[in-house]
Amino acid sequence: MNVRDAVFARRSVPSFDSTVTISESEILDLLNAANLAPSSMNLQPWEYVVCHSPESKVNLQQVSYGQKKISEASAVVIVLGNLMHHENASQIAAGNIAIGITDEEKAAKFVQSAASAYEQNSQRQRDEAFRGGSLWAMNFMLIAKDAGWETAPMGGFIPEDVQKAFELPDHLLPVLLICIGKANPEVIIHARGTRISAEKKVRFQ
Ligand SMILES: Cc1cc2nc3c(=O)[nH]c(=O)nc-3n(C[C@H](O)[C@H](O)[C@H](O)COP(=O)(O)O)c2cc1C
């Protein structure tokens with residue numbers, strides 16, 4: 001499937017086949033592919049919790065307005081934005097030295113730039129956490145489609161309650177839930193909702 005085909009074929013599935021399972025190794029493969037998403041300074045401001053067991057899906061459903069898709073899906077990814085993503089810099093710098101695309105001096109400067117860009121700027125931390133988490137999420141949905149899975153993104157959850165239920169530290173903010181699984185064959189997927197044309201939204205300058 002090429003990227004255009006995946007974009008045209010992806011839909012938010014209204015109901016999942018609850019008999020279908022997905023393995024941890026397949027989820028990890030999709031997570032690693034989605035990690036190729038771009039991010040500011042390559043600081044990768046995303047983390048995730050994968051609700052894989054029936055118990056964790058029920059816990060998530062309880063803080064997501066009871067949305068049924070959560071318990072039906074094979075797994076649900078809680079996409080998180082990491083406010084402290086500048087702290088990833090040393091690990092990334094060390095990796096870049098190991099693969100020979102930077103040296104010690106440049107790596108040290110990179111770590112310093114990451115800290116000065118984000119450490120004292122909470123608005124910037126939050127903007128980047130949501131921007132990066134969202135780019136990661138779209139990548140994940142397209143990669144899943146290509147691998148034969150359906151997805152459903154969901155913003156209908158109570159962030160503070162998700163944070164409490166999954167014992168998330170304050171610097172990890174829930175950005176989006178993504179259900180993944182196979183579509184329930186008994187539920188019709190209606191035609192895609194109207195998209196406002198680019199001609200109506202664009203301003204060329
Ligand atoms: C940020 C975001 C939040 C959403 N929240 C929900 C949700 O809580 N529940 C739901 O059933 N669908 C949710 N959706 C799915 C949208 O309704 C769906 O993407 C939209 O109707 C377009 O349909 P399509 O994805 O099939 O093209 C959400 C989608 C996005 C991107």
# chains A, B, ... in the order shown; residues from 1 in each chain; ligands from 1
$ residues_around --residues "stretch 106-118 of chain A" --least-positions-apart "3" --cutoff "7 Å" --atoms "only C-alpha atoms" --output "list in words"
His86, Ala89, Ser90, Ala93, Thr102, Asp103, Asn121, Arg124 and Gln125 of chain A
$ write_last_selection --atoms "C-alpha atoms" --output "PDB file, in the first residue's frame"
ATOM      1  CA  HIS A  86      14.485  17.895  26.297  1.00  0.00           C
ATOM      2  CA  ALA A  89      18.748  14.852  24.307  1.00  0.00           C
ATOM      3  CA  SER A  90      21.655  13.032  26.014  1.00  0.00           C
ATOM      4  CA  ALA A  93      23.303  12.499  21.319  1.00  0.00           C
ATOM      5  CA  THR A 102      28.080  13.599  15.321  1.00  0.00           C
ATOM      6  CA  ASP A 103      31.079  14.054  17.612  1.00  0.00           C
ATOM      7  CA  ASN A 121       9.554  27.489  28.913  1.00  0.00           C
ATOM      8  CA  ARG A 124       6.896  25.621  24.581  1.00  0.00           C
ATOM      9  CA  GLN A 125       7.143  22.256  26.376  1.00  0.00           C
TER      10      GLN A 125
END
$ closest_atom_pairs --of "chain A" --to "ligand 1" --cutoff "9 Å" --atoms "only C-alpha atoms and all ligand atoms" --output "Markdown table"
| residue | atom | partner | partner_atom_place_in_ligand_line | distance |
| --- | --- | --- | --- | --- |
| A:Phe8 | CA | ligand 1 | 27 (O) | 8.7 |
| A:Ala9 | CA | ligand 1 | 27 (O) | 8.9 |
| A:Arg10 | CA | ligand 1 | 26 (O) | 6.8 |
| A:Arg11 | CA | ligand 1 | 26 (O) | 3.5 |
| A:Ser12 | CA | ligand 1 | 26 (O) | 3.8 |
| A:Val13 | CA | ligand 1 | 26 (O) | 6.6 |
| A:Pro14 | CA | ligand 1 | 11 (O) | 6.5 |
| A:Ser15 | CA | ligand 1 | 11 (O) | 9.0 |
| A:Ser64 | CA | ligand 1 | 8 (O) | 7.8 |
| A:Tyr65 | CA | ligand 1 | 8 (O) | 8.5 |
| A:Gln67 | CA | ligand 1 | 9 (N) | 7.2 |
| A:Lys68 | CA | ligand 1 | 11 (O) | 9.0 |
| A:Lys69 | CA | ligand 1 | 11 (O) | 7.7 |
| A:Ser134 | CA | ligand 1 | 1 (C) | 8.6 |
| A:Met138 | CA | ligand 1 | 31 (C) | 8.8 |
| A:Thr151 | CA | ligand 1 | 25 (O) | 8.8 |
| A:Ala152 | CA | ligand 1 | 15 (C) | 6.2 |
| A:Pro153 | CA | ligand 1 | 29 (C) | 4.8 |
| A:Met154 | CA | ligand 1 | 5 (N) | 3.4 |
| A:Gly155 | CA | ligand 1 | 3 (C) | 3.7 |
| A:Gly156 | CA | ligand 1 | 8 (O) | 3.4 |
| A:Phe157 | CA | ligand 1 | 8 (O) | 6.9 |
| A:Val175 | CA | ligand 1 | 1 (C) | 8.3 |
| A:Leu176 | CA | ligand 1 | 1 (C) | 6.5 |
| A:Leu177 | CA | ligand 1 | 5 (N) | 8.1 |
| A:Ile189 | CA | ligand 1 | 26 (O) | 8.5 |
| A:His190 | CA | ligand 1 | 26 (O) | 8.6 |
| A:Ala191 | CA | ligand 1 | 26 (O) | 8.3 |
| A:Arg192 | CA | ligand 1 | 27 (O) | 5.6 |
| A:Gly193 | CA | ligand 1 | 23 (O) | 6.1 |
| A:Thr194 | CA | ligand 1 | 22 (C) | 8.6 |
| A:Arg195 | CA | ligand 1 | 27 (O) | 8.7 |
$ atom_distance --atom1 "atom CA of A:Val187" --atom2 "atom CA of A:Ser74"
16.5 Å
$ select_by_dssp --residues "stretch 84-176 of chain A" --states "strand (DSSP E or B)" --output "ChimeraX atom specification"
/A:150-154,172-176
$ write_last_selection --atoms "all heavy atoms" --output "PDB file, in the first residue's frame"
ATOM      1  N   GLU A 150      -7.180  -1.733  11.533  1.00  0.00           N
ATOM      2  CA  GLU A 150      -8.014  -0.531  11.546  1.00  0.00           C
ATOM      3  C   GLU A 150      -7.744   0.205  12.847  1.00  0.00           C
ATOM      4  O   GLU A 150      -7.331  -0.404  13.847  1.00  0.00           O
ATOM      5  CB  GLU A 150      -9.503  -0.895  11.458  1.00  0.00           C
ATOM      6  CG  GLU A 150      -9.888  -1.680  10.217  1.00  0.00           C
ATOM      7  CD  GLU A 150      -9.672  -0.923   8.918  1.00  0.00           C
ATOM      8  OE1 GLU A 150      -9.596   0.319   8.950  1.00  0.00           O
ATOM      9  OE2 GLU A 150      -9.555  -1.589   7.869  1.00  0.00           O
ATOM     10  N   THR A 151      -8.029   1.508  12.831  1.00  0.00           N
ATOM     11  CA  THR A 151      -7.803   2.309  14.041  1.00  0.00           C
ATOM     12  C   THR A 151      -8.995   3.231  14.297  1.00  0.00           C
ATOM     13  O   THR A 151      -9.848   3.408  13.420  1.00  0.00           O
ATOM     14  CB  THR A 151      -6.527   3.177  13.908  1.00  0.00           C
ATOM     15  OG1 THR A 151      -6.633   3.973  12.726  1.00  0.00           O
ATOM     16  CG2 THR A 151      -5.267   2.340  13.878  1.00  0.00           C
ATOM     17  N   ALA A 152      -9.026   3.796  15.475  1.00  0.00           N
ATOM     18  CA  ALA A 152     -10.007   4.839  15.803  1.00  0.00           C
ATOM     19  C   ALA A 152      -9.349   5.782  16.810  1.00  0.00           C
ATOM     20  O   ALA A 152      -9.038   5.377  17.933  1.00  0.00           O
ATOM     21  CB  ALA A 152     -11.276   4.230  16.394  1.00  0.00           C
ATOM     22  N   PRO A 153      -9.099   7.048  16.366  1.00  0.00           N
ATOM     23  CA  PRO A 153      -8.537   8.019  17.306  1.00  0.00           C
ATOM     24  C   PRO A 153      -9.651   8.535  18.209  1.00  0.00           C
ATOM     25  O   PRO A 153     -10.789   8.674  17.765  1.00  0.00           O
ATOM     26  CB  PRO A 153      -8.026   9.142  16.388  1.00  0.00           C
ATOM     27  CG  PRO A 153      -8.895   9.073  15.172  1.00  0.00           C
ATOM     28  CD  PRO A 153      -9.332   7.636  15.027  1.00  0.00           C
ATOM     29  N   MET A 154      -9.340   8.835  19.467  1.00  0.00           N
ATOM     30  CA  MET A 154     -10.377   9.317  20.377  1.00  0.00           C
ATOM     31  C   MET A 154      -9.836  10.376  21.333  1.00  0.00           C
ATOM     32  O   MET A 154      -8.846  10.142  22.033  1.00  0.00           O
ATOM     33  CB  MET A 154     -10.942   8.141  21.188  1.00  0.00           C
ATOM     34  CG  MET A 154     -11.500   7.064  20.268  1.00  0.00           C
ATOM     35  SD  MET A 154     -12.613   5.871  21.021  1.00  0.00           S
ATOM     36  CE  MET A 154     -12.204   5.959  22.674  1.00  0.00           C
ATOM     37  N   LEU A 172       3.798  13.743  31.940  1.00  0.00           N
ATOM     38  CA  LEU A 172       3.265  12.998  30.786  1.00  0.00           C
ATOM     39  C   LEU A 172       1.775  13.292  30.631  1.00  0.00           C
ATOM     40  O   LEU A 172       0.964  12.932  31.485  1.00  0.00           O
ATOM     41  CB  LEU A 172       3.487  11.486  30.957  1.00  0.00           C
ATOM     42  CG  LEU A 172       4.947  11.020  30.997  1.00  0.00           C
ATOM     43  CD1 LEU A 172       5.020   9.512  31.151  1.00  0.00           C
ATOM     44  CD2 LEU A 172       5.709  11.470  29.752  1.00  0.00           C
ATOM     45  N   LEU A 173       1.420  13.960  29.532  1.00  0.00           N
ATOM     46  CA  LEU A 173       0.027  14.378  29.325  1.00  0.00           C
ATOM     47  C   LEU A 173      -0.640  13.528  28.253  1.00  0.00           C
ATOM     48  O   LEU A 173      -0.081  13.366  27.155  1.00  0.00           O
ATOM     49  CB  LEU A 173      -0.016  15.839  28.858  1.00  0.00           C
ATOM     50  CG  LEU A 173       0.690  16.869  29.730  1.00  0.00           C
ATOM     51  CD1 LEU A 173       0.535  18.252  29.130  1.00  0.00           C
ATOM     52  CD2 LEU A 173       0.133  16.844  31.147  1.00  0.00           C
ATOM     53  N   PRO A 174      -1.837  13.006  28.530  1.00  0.00           N
ATOM     54  CA  PRO A 174      -2.538  12.251  27.486  1.00  0.00           C
ATOM     55  C   PRO A 174      -2.917  13.173  26.324  1.00  0.00           C
ATOM     56  O   PRO A 174      -3.505  14.231  26.531  1.00  0.00           O
ATOM     57  CB  PRO A 174      -3.795  11.733  28.199  1.00  0.00           C
ATOM     58  CG  PRO A 174      -3.574  11.945  29.644  1.00  0.00           C
ATOM     59  CD  PRO A 174      -2.570  13.049  29.789  1.00  0.00           C
ATOM     60  N   VAL A 175      -2.524  12.777  25.111  1.00  0.00           N
ATOM     61  CA  VAL A 175      -2.786  13.570  23.900  1.00  0.00           C
ATOM     62  C   VAL A 175      -3.993  12.986  23.154  1.00  0.00           C
ATOM     63  O   VAL A 175      -4.889  13.718  22.720  1.00  0.00           O
ATOM     64  CB  VAL A 175      -1.537  13.555  22.973  1.00  0.00           C
ATOM     65  CG1 VAL A 175      -1.825  14.190  21.620  1.00  0.00           C
ATOM     66  CG2 VAL A 175      -0.360  14.255  23.648  1.00  0.00           C
ATOM     67  N   LEU A 176      -4.016  11.674  23.009  1.00  0.00           N
ATOM     68  CA  LEU A 176      -5.026  11.012  22.172  1.00  0.00           C
ATOM     69  C   LEU A 176      -5.044   9.524  22.509  1.00  0.00           C
ATOM     70  O   LEU A 176      -4.008   8.965  22.880  1.00  0.00           O
ATOM     71  CB  LEU A 176      -4.606  11.191  20.699  1.00  0.00           C
ATOM     72  CG  LEU A 176      -5.586  10.819  19.604  1.00  0.00           C
ATOM     73  CD1 LEU A 176      -6.731  11.837  19.537  1.00  0.00           C
ATOM     74  CD2 LEU A 176      -4.901  10.786  18.230  1.00  0.00           C
TER      75      LEU A 176
END
$ select_by_dssp --residues "stretch 90-161 of chain A" --states "alpha helix (DSSP H)" --output "count of residues only"
52
$ closest_residue --among "A:Ile27, A:Val20, A:Leu36, A:Leu43" --to "A:Ala129" --atoms "only C-alpha atoms"
A:Leu43
$ residues_around --residues "stretch 53-58 of chain A" --least-positions-apart "6" --cutoff "12 Å" --atoms "only C-alpha atoms" --output "VMD selection string"
chain A and resid 18 to 19 21 to 24 64 to 78 162 165 to 166 177 to 180
$ closest_residue --among "A:Trp136, A:Asn2, A:Glu26, A:Ile97" --to "A:Tyr48" --atoms "only C-alpha atoms"
A:Trp136
$ closest_residue --among "A:Glu128, A:Asp161, A:Asp146, A:Asp170" --to "A:Ala33" --atoms "only C-alpha atoms"
A:Asp146
$ atom_distance --atom1 "atom CA of A:Phe140" --atom2 "atom CA of A:Ala34"
4.8 Å
$ atom_distance --atom1 "atom CA of A:Gly181" --atom2 "atom CA of A:Trp149"
5.6 Å
$ closest_residue --among "A:Glu199, A:Glu160, A:Asp17, A:Glu47" --to "A:Asn88" --atoms "only C-alpha atoms"
A:Glu47
